[in-house]
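Shown next: final_17.cif, given as mmCIF, C-alpha atoms and all ligand atoms.
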```cif
data_run
loop_
_atom_site.group_PDB
_atom_site.id
_atom_site.type_symbol
_atom_site.label_atom_id
_atom_site.label_comp_id
_atom_site.auth_asym_id
_atom_site.auth_seq_id
_atom_site.Cartn_x
_atom_site.Cartn_y
_atom_site.Cartn_z
ATOM 1 C CA MET W 8 102.845 117.522 136.689
ATOM 2 C CA LEU W 9 104.504 114.677 134.809
ATOM 3 C CA LYS W 10 108.064 115.091 136.038
ATOM 4 C CA SER W 11 110.414 117.660 137.606
ATOM 5 C CA PHE W 12 114.152 117.962 138.094
ATOM 6 C CA ILE W 13 116.638 120.604 139.107
ATOM 7 C CA ALA W 14 118.914 122.217 136.504
ATOM 8 C CA LEU W 15 121.114 125.290 137.057
ATOM 9 C CA GLY W 16 119.566 125.542 140.524
ATOM 10 C CA HIS W 17 116.030 125.902 139.121
ATOM 11 C CA ARG W 18 113.164 123.425 139.074
ATOM 12 C CA VAL W 19 112.230 122.299 135.569
ATOM 13 C CA ASP W 20 108.619 121.061 135.394
ATOM 14 C CA PHE W 21 107.245 118.902 132.599
ATOM 15 C CA ARG W 22 103.490 119.015 131.950
ATOM 16 C CA HIS W 23 100.831 119.031 129.253
ATOM 17 C CA ALA W 24 100.546 122.380 127.485
ATOM 18 C CA CYS W 25 97.426 124.485 127.958
ATOM 19 C CA ARG W 26 95.951 127.512 126.146
ATOM 20 C CA ARG W 27 97.918 130.006 128.229
ATOM 21 C CA ASP W 28 101.192 128.433 126.960
ATOM 22 C CA LEU W 29 100.538 129.771 123.436
ATOM 23 C CA THR W 30 102.814 132.810 123.870
ATOM 24 C CA GLY W 31 105.620 130.738 125.391
ATOM 25 C CA ILE W 32 105.503 128.093 122.667
ATOM 26 C CA LEU W 33 105.394 130.681 119.869
ATOM 27 C CA ALA W 34 108.359 132.458 121.498
ATOM 28 C CA ILE W 35 110.370 129.237 121.192
ATOM 29 C CA VAL W 36 109.251 128.773 117.574
ATOM 30 C CA ARG W 37 110.338 132.374 116.843
ATOM 31 C CA ALA W 38 113.672 131.927 118.667
ATOM 32 C CA LEU W 39 114.431 128.824 116.589
ATOM 33 C CA TYR W 40 113.583 130.704 113.357
ATOM 34 C CA GLU W 41 115.999 133.441 114.477
ATOM 35 C CA GLU W 42 118.702 130.909 115.369
ATOM 36 C CA ARG W 43 118.339 129.188 111.981
ATOM 37 C CA GLY W 44 118.241 132.586 110.226
ATOM 38 C CA ARG W 45 121.557 133.536 111.862
ATOM 39 C CA ALA W 46 123.097 130.171 110.938
ATOM 40 C CA ASN W 47 121.885 130.540 107.342
ATOM 41 C CA ASN W 48 122.859 134.216 107.134
ATOM 42 C CA ARG W 49 119.303 135.071 106.152
ATOM 43 C CA PRO W 50 116.470 137.031 107.761
ATOM 44 C CA PRO W 51 114.489 134.774 110.094
ATOM 45 C CA LYS W 52 111.275 133.151 108.909
ATOM 46 C CA GLU W 53 108.139 134.807 110.227
ATOM 47 C CA ILE W 54 105.500 132.934 112.163
ATOM 48 C CA THR W 55 102.650 132.612 109.672
ATOM 49 C CA ASP W 56 98.961 133.095 110.454
ATOM 50 C CA GLU W 57 98.583 129.399 109.617
ATOM 51 C CA THR W 58 101.148 128.395 112.265
ATOM 52 C CA ARG W 59 99.512 130.612 114.871
ATOM 53 C CA LYS W 60 96.051 129.247 113.988
ATOM 54 C CA PHE W 61 97.370 125.682 114.230
ATOM 55 C CA TRP W 62 98.641 126.291 117.772
ATOM 56 C CA VAL W 63 95.582 128.259 118.917
ATOM 57 C CA GLU W 64 93.244 125.499 117.740
ATOM 58 C CA LEU W 65 95.377 122.710 119.161
ATOM 59 C CA LEU W 66 95.905 124.263 122.599
ATOM 60 C CA SER W 67 92.252 125.321 122.897
ATOM 61 C CA LYS W 68 91.123 121.680 122.843
ATOM 62 C CA PRO W 69 91.004 119.493 125.951
ATOM 63 C CA ILE W 70 94.048 117.207 126.201
ATOM 64 C CA ASP W 71 92.068 114.070 125.346
ATOM 65 C CA GLN W 72 90.565 115.630 122.183
ATOM 66 C CA ARG W 73 93.743 116.998 120.604
ATOM 67 C CA HIS W 74 94.778 113.822 118.781
ATOM 68 C CA SER W 75 98.226 115.143 119.686
ATOM 69 C CA VAL W 76 100.413 115.291 122.741
ATOM 70 C CA VAL W 77 101.964 118.675 123.473
ATOM 71 C CA LEU W 78 104.204 118.891 126.514
ATOM 72 C CA VAL W 79 106.123 121.876 127.814
ATOM 73 C CA ALA W 80 109.150 122.263 130.067
ATOM 74 C CA GLU W 81 108.670 125.207 132.421
ATOM 75 C CA VAL W 82 111.174 127.089 134.602
ATOM 76 C CA ASP W 83 110.009 129.921 136.879
ATOM 77 C CA PHE W 84 106.778 130.330 134.851
ATOM 78 C CA HIS W 85 108.700 130.514 131.540
ATOM 79 C CA ILE W 86 108.394 127.886 128.832
ATOM 80 C CA VAL W 87 111.912 126.682 127.942
ATOM 81 C CA GLY W 88 111.006 123.746 125.704
ATOM 82 C CA TYR W 89 108.174 121.852 124.115
ATOM 83 C CA ILE W 90 107.424 118.694 122.185
ATOM 84 C CA GLY W 91 104.561 117.940 119.807
ATOM 85 C CA ILE W 92 103.603 114.411 118.833
ATOM 86 C CA GLY W 93 100.553 113.932 116.642
ATOM 87 C CA LEU W 94 98.878 112.299 113.702
ATOM 88 C CA PRO W 95 100.737 112.703 110.411
ATOM 89 C CA PRO W 96 98.711 114.876 107.969
ATOM 90 C CA GLY W 97 95.779 112.953 106.553
ATOM 91 C CA LYS W 98 96.178 109.933 108.874
ATOM 92 C CA PRO W 99 93.259 108.905 111.071
ATOM 93 C CA LEU W 100 93.785 107.898 114.697
ATOM 94 C CA GLU W 101 92.975 104.289 113.725
ATOM 95 C CA SER W 102 96.111 104.141 111.542
ATOM 96 C CA GLY W 103 98.125 103.579 114.718
ATOM 97 C CA GLU W 104 100.793 105.979 113.455
ATOM 98 C CA VAL W 105 101.921 109.205 115.063
ATOM 99 C CA SER W 106 104.910 111.424 114.436
ATOM 100 C CA VAL W 107 107.084 113.750 116.465
ATOM 101 C CA PHE W 108 106.419 117.021 114.675
ATOM 102 C CA MET W 109 108.785 119.126 116.801
ATOM 103 C CA VAL W 110 110.959 119.081 119.872
ATOM 104 C CA SER W 111 112.740 122.281 120.771
ATOM 105 C CA VAL W 112 114.541 123.708 123.790
ATOM 106 C CA THR W 113 115.663 127.353 124.102
ATOM 107 C CA GLN W 114 119.404 127.749 123.631
ATOM 108 C CA ALA W 115 120.147 128.760 127.230
ATOM 109 C CA TRP W 116 118.546 125.568 128.555
ATOM 110 C CA ARG W 117 120.024 123.035 126.142
ATOM 111 C CA SER W 118 122.278 120.196 127.203
ATOM 112 C CA LYS W 119 120.589 119.843 130.612
ATOM 113 C CA GLY W 120 118.519 116.772 129.781
ATOM 114 C CA ILE W 121 115.363 118.741 128.918
ATOM 115 C CA GLY W 122 115.092 117.571 125.288
ATOM 116 C CA ARG W 123 115.660 113.975 126.321
ATOM 117 C CA THR W 124 113.015 114.217 129.053
ATOM 118 C CA LEU W 125 110.478 115.895 126.745
ATOM 119 C CA LEU W 126 110.931 113.007 124.318
ATOM 120 C CA GLU W 127 110.652 110.306 127.009
ATOM 121 C CA GLN W 128 107.608 111.885 128.626
ATOM 122 C CA GLY W 129 106.043 112.699 125.247
ATOM 123 C CA ILE W 130 106.327 109.064 124.175
ATOM 124 C CA GLU W 131 104.804 107.862 127.463
ATOM 125 C CA GLN W 132 101.875 110.283 127.135
ATOM 126 C CA ALA W 133 101.388 109.394 123.461
ATOM 127 C CA LYS W 134 101.259 105.702 124.409
ATOM 128 C CA THR W 135 98.544 106.404 126.981
ATOM 129 C CA ILE W 136 96.448 108.904 125.048
ATOM 130 C CA LEU W 137 96.971 108.114 121.346
ATOM 131 C CA LYS W 138 97.854 104.405 121.715
ATOM 132 C CA PRO W 139 99.943 104.279 118.518
ATOM 133 C CA ARG W 140 101.707 101.180 117.215
ATOM 134 C CA THR W 141 104.513 103.234 115.682
ATOM 135 C CA ILE W 142 106.044 106.659 116.152
ATOM 136 C CA PHE W 143 107.813 108.293 113.198
ATOM 137 C CA LEU W 144 110.001 111.301 112.832
ATOM 138 C CA GLN W 145 112.339 112.818 110.296
ATOM 139 C CA ALA W 146 115.710 114.104 111.439
ATOM 140 C CA THR W 147 118.583 116.006 109.878
ATOM 141 C CA VAL W 148 121.666 113.768 110.005
ATOM 142 C CA ALA W 149 123.866 116.726 111.026
ATOM 143 C CA ASN W 150 121.616 117.481 114.021
ATOM 144 C CA GLU W 151 123.674 115.229 116.285
ATOM 145 C CA HIS W 152 122.022 116.164 119.590
ATOM 146 C CA ALA W 153 118.585 115.436 118.199
ATOM 147 C CA ILE W 154 119.699 112.120 116.638
ATOM 148 C CA ARG W 155 121.312 111.093 119.937
ATOM 149 C CA ILE W 156 118.136 111.572 121.978
ATOM 150 C CA TYR W 157 116.034 109.845 119.299
ATOM 151 C CA GLU W 158 118.334 106.802 119.222
ATOM 152 C CA ASP W 159 118.485 106.644 123.020
ATOM 153 C CA ALA W 160 114.674 106.687 123.082
ATOM 154 C CA GLY W 161 114.640 103.625 120.813
ATOM 155 C CA PHE W 162 114.163 105.161 117.362
ATOM 156 C CA GLU W 163 115.851 103.366 114.482
ATOM 157 C CA GLN W 164 116.597 104.561 110.984
ATOM 158 C CA LEU W 165 113.962 103.509 108.474
ATOM 159 C CA GLY W 166 115.198 103.173 104.884
ATOM 160 C CA GLY W 167 118.121 104.999 103.388
ATOM 161 C CA VAL W 168 119.417 108.513 103.742
ATOM 162 C CA LEU W 169 117.287 111.146 101.980
ATOM 163 C CA ARG W 170 119.960 113.139 100.186
ATOM 164 C CA ASP W 171 119.671 116.945 100.460
ATOM 165 C CA ALA W 172 116.130 116.612 101.810
ATOM 166 C CA GLY W 173 116.501 119.573 104.175
ATOM 167 C CA MET W 174 118.696 122.539 105.012
ATOM 168 C CA TRP W 175 121.303 122.819 107.775
ATOM 169 C CA ASN W 176 123.375 125.948 108.391
ATOM 170 C CA GLY W 177 122.432 127.273 104.989
ATOM 171 C CA GLN W 178 123.459 124.131 103.110
ATOM 172 C CA PRO W 179 121.351 121.305 101.672
ATOM 173 C CA ALA W 180 121.436 118.511 104.245
ATOM 174 C CA ASP W 181 120.671 114.804 104.382
ATOM 175 C CA ARG W 182 117.706 113.627 106.413
ATOM 176 C CA VAL W 183 116.596 110.240 107.691
ATOM 177 C CA ASN W 184 113.235 108.773 108.584
ATOM 178 C CA MET W 185 113.241 107.166 112.012
ATOM 179 C CA ILE W 186 110.728 104.826 113.569
ATOM 180 C CA LYS W 187 109.965 103.404 117.005
ATOM 181 C CA GLU W 188 107.712 100.362 117.179
ATOM 182 C CA LEU W 189 105.692 100.250 120.374
ATOM 183 C CA PHE W 190 104.024 96.841 120.312
HETATM 184 C C1 LIG O 1 117.630 118.750 119.823
HETATM 185 C C2 LIG O 1 117.309 119.440 121.144
HETATM 186 C C3 LIG O 1 115.791 119.462 121.342
HETATM 187 C C4 LIG O 1 117.960 118.657 122.288
HETATM 188 O O1 LIG O 1 117.545 119.271 123.506
HETATM 189 P P1 LIG O 1 118.521 119.329 124.782
HETATM 190 O O2 LIG O 1 117.702 119.757 125.939
HETATM 191 O O3 LIG O 1 119.733 120.111 124.479
HETATM 192 O O4 LIG O 1 118.901 117.792 124.883
HETATM 193 P P2 LIG O 1 119.523 117.056 126.129
HETATM 194 O O5 LIG O 1 120.092 118.009 127.128
HETATM 195 O O6 LIG O 1 118.488 116.112 126.599
HETATM 196 O O7 LIG O 1 120.772 116.368 125.480
HETATM 197 C C5 LIG O 1 120.792 115.478 124.418
HETATM 198 C C6 LIG O 1 122.201 114.978 124.220
HETATM 199 O O8 LIG O 1 122.946 115.863 123.379
HETATM 200 C C7 LIG O 1 124.055 116.406 124.106
HETATM 201 N N1 LIG O 1 124.076 117.817 123.922
HETATM 202 C C8 LIG O 1 123.007 118.647 123.867
HETATM 203 N N2 LIG O 1 123.425 119.896 123.617
HETATM 204 C C9 LIG O 1 124.776 119.857 123.527
HETATM 205 C C10 LIG O 1 125.774 120.836 123.275
HETATM 206 N N3 LIG O 1 125.478 122.114 123.067
HETATM 207 N N4 LIG O 1 127.055 120.430 123.230
HETATM 208 C C11 LIG O 1 127.369 119.144 123.429
HETATM 209 N N5 LIG O 1 126.474 118.176 123.669
HETATM 210 C C12 LIG O 1 125.190 118.530 123.726
HETATM 211 C C13 LIG O 1 123.824 116.137 125.550
HETATM 212 O O9 LIG O 1 125.053 115.950 126.205
HETATM 213 C C14 LIG O 1 122.954 114.909 125.537
HETATM 214 O O10 LIG O 1 123.673 113.751 125.539
HETATM 215 P P3 LIG O 1 124.002 113.031 126.925
HETATM 216 O O11 LIG O 1 122.744 113.034 127.755
HETATM 217 O O12 LIG O 1 124.439 111.677 126.484
HETATM 218 O O13 LIG O 1 125.063 113.847 127.553
HETATM 219 C C15 LIG O 1 117.883 120.893 121.191
HETATM 220 O O14 LIG O 1 119.239 120.840 120.820
HETATM 221 C C16 LIG O 1 117.119 121.853 120.294
HETATM 222 O O15 LIG O 1 116.123 122.443 120.693
HETATM 223 N N6 LIG O 1 117.615 122.052 119.069
HETATM 224 C C17 LIG O 1 116.956 122.980 118.137
HETATM 225 C C18 LIG O 1 115.645 122.423 117.619
HETATM 226 C C19 LIG O 1 115.851 121.110 116.928
HETATM 227 O O16 LIG O 1 116.808 120.930 116.179
HETATM 228 N N7 LIG O 1 114.936 120.168 117.180
HETATM 229 C C20 LIG O 1 115.008 118.813 116.647
HETATM 230 C C21 LIG O 1 114.646 118.691 115.246
HETATM 231 S S1 LIG O 1 113.053 119.160 114.847
#
```
Mind turning this structure into structure tokens?
Ligand SMILES: CC(C)(COP(=O)(O)OP(=O)(O)OC[C@H]1O[C@@H](n2cnc3c(N)ncnc32)[C@H](O)[C@@H]1OP(=O)(O)O)[C@@H](O)C(=O)NCCC(=O)NCCS
Amino acid sequence: MLKSFIALGHRVDFRHACRRDLTGILAIVRALYEERGRANNRPPKEITDETRKFWVELLSKPIDQRHSVVLVAEVDFHIVGYIGIGLPPGKPLESGEVSVFMVSVTQAWRSKGIGRTLLEQGIEQAKTILKPRTIFLQATVANEHAIRIYEDAGFEQLGGVLRDAGMWNGQPADRVNMIKELF
């Protein structure tokens, strides 16, 4: 166990993900697709075979051979959030670069400090296991809660705003690259 705290009268545990967390993590991925589908007034995206394969392969490896850090937040044996930090596509471990590829908390458990804690603990674990010099991520400017936890964790905007580089509530949305230097 990496950390625990009480929220809504329940204990929230933070730990490395294991193979049996596959269903819980994919349920959060699916819930986010549904949430975004509702916001965009479109049918939700489906989880592709490629996405499922990615998670099966990643979670089947021992923690020290994943080249990624995947942490989950668990309440009463249910996964309520996860974070993935790993090598950007095509980058070797020696590059010293990793990126936050997703952080997500189920709607009912948002705004309780879980996202912030996943990010803090994910960075600490990445420092120990992956030993990167820099951590990157890309964020949608309109995603204020995400930007807030990234800035509080020490991420700074890198370069200018990427106009209409993503979608937010069905509209083209600006994104920014963010970076945290570790050494
Ligand atoms: C971004 C996300 C992971 C944040 O997780 P979270 O558990 O809600 O975050 P925290 O509770 O740690 O809160 C982060 C900050 O945003 C604020 N916040 C979060 N949700 C809020 C809400 N619904 N209303 C108002 N403020 C909110 C919190 O108050 C907190 O700030 P504070 O600690 O200064 O008060 C979560 O909103 C999420 O899963 N969003 C969908 C997926 C996503 O967009 N991921 C990021 C991009 S890939």
inquiry  = Show me, as a PyMOL selection string, the residues that have an atom within 9 Å of Trp116 of chain W when counting all atoms listed in the file, minus same-chain residues fewer than 6 positions from it.
reply    = chain W and resi 14-15+87-88
ask   = Given the choices W:Ile156, W:Ile86, W:Val76, W:Ala46, which gets closest to Lys134 of chain W if the distance is worked out from all atoms listed in the file?
value =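 Looking at the shortest contact to Lys134 of chain W, the residue is W:Val76.
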message = Using Å and a single decimal, report how far atom CA of Thr124 of chain W sits from atom C9 of ligand LIG 1 (chain O).
response =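 Interatomic distance here is 14.2 Å.
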ask   = Care to translate the PyMOL selection byres (((not hetatm)) within 10 of (chain O and resi 1)) into actual residues of this file, as number ranges by chain?
value = W: 35-36, 38-40, 42-43, 80, 87-91, 107-127, 144-147, 149-157, 159, 175
ask   = W:Phe162, W:Phe190, W:Phe143, W:Phe21: which is nearest Val77 of chain W, counting all atoms listed in the file?
value = W:Phe21
request  = May I have the residues at most 6 Å from (104.7, 112.0, 126.2) in the file's coordinates, counting all atoms listed in the file, as a ChimeraX atom specification?
outcome  = /W:128-133
task = Find, counting all atoms listed in the file, the residue in W:Lys138, W:Arg49, W:Ser11, W:Ala172 that gets nearest to His74 of chain W.
result = W:Lys138
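Here the PyMOL selection byres (((chain W and resi 26) around 12) and not hetatm) captures the residues W:His23, W:Ala24, W:Cys25, W:Arg27, W:Asp28, W:Leu29, W:Thr30, W:Gly31, W:Ile32, W:Leu33, W:Trp62, W:Val63, W:Glu64, W:Leu65, W:Leu66, W:Ser67, W:Lys68, W:Pro69, W:Ile70, W:Val77, W:Leu78, W:Val79.
Atom CA of Asn47 of chain W is positioned 4.9 Å from atom CA of Asn176 of chain W.
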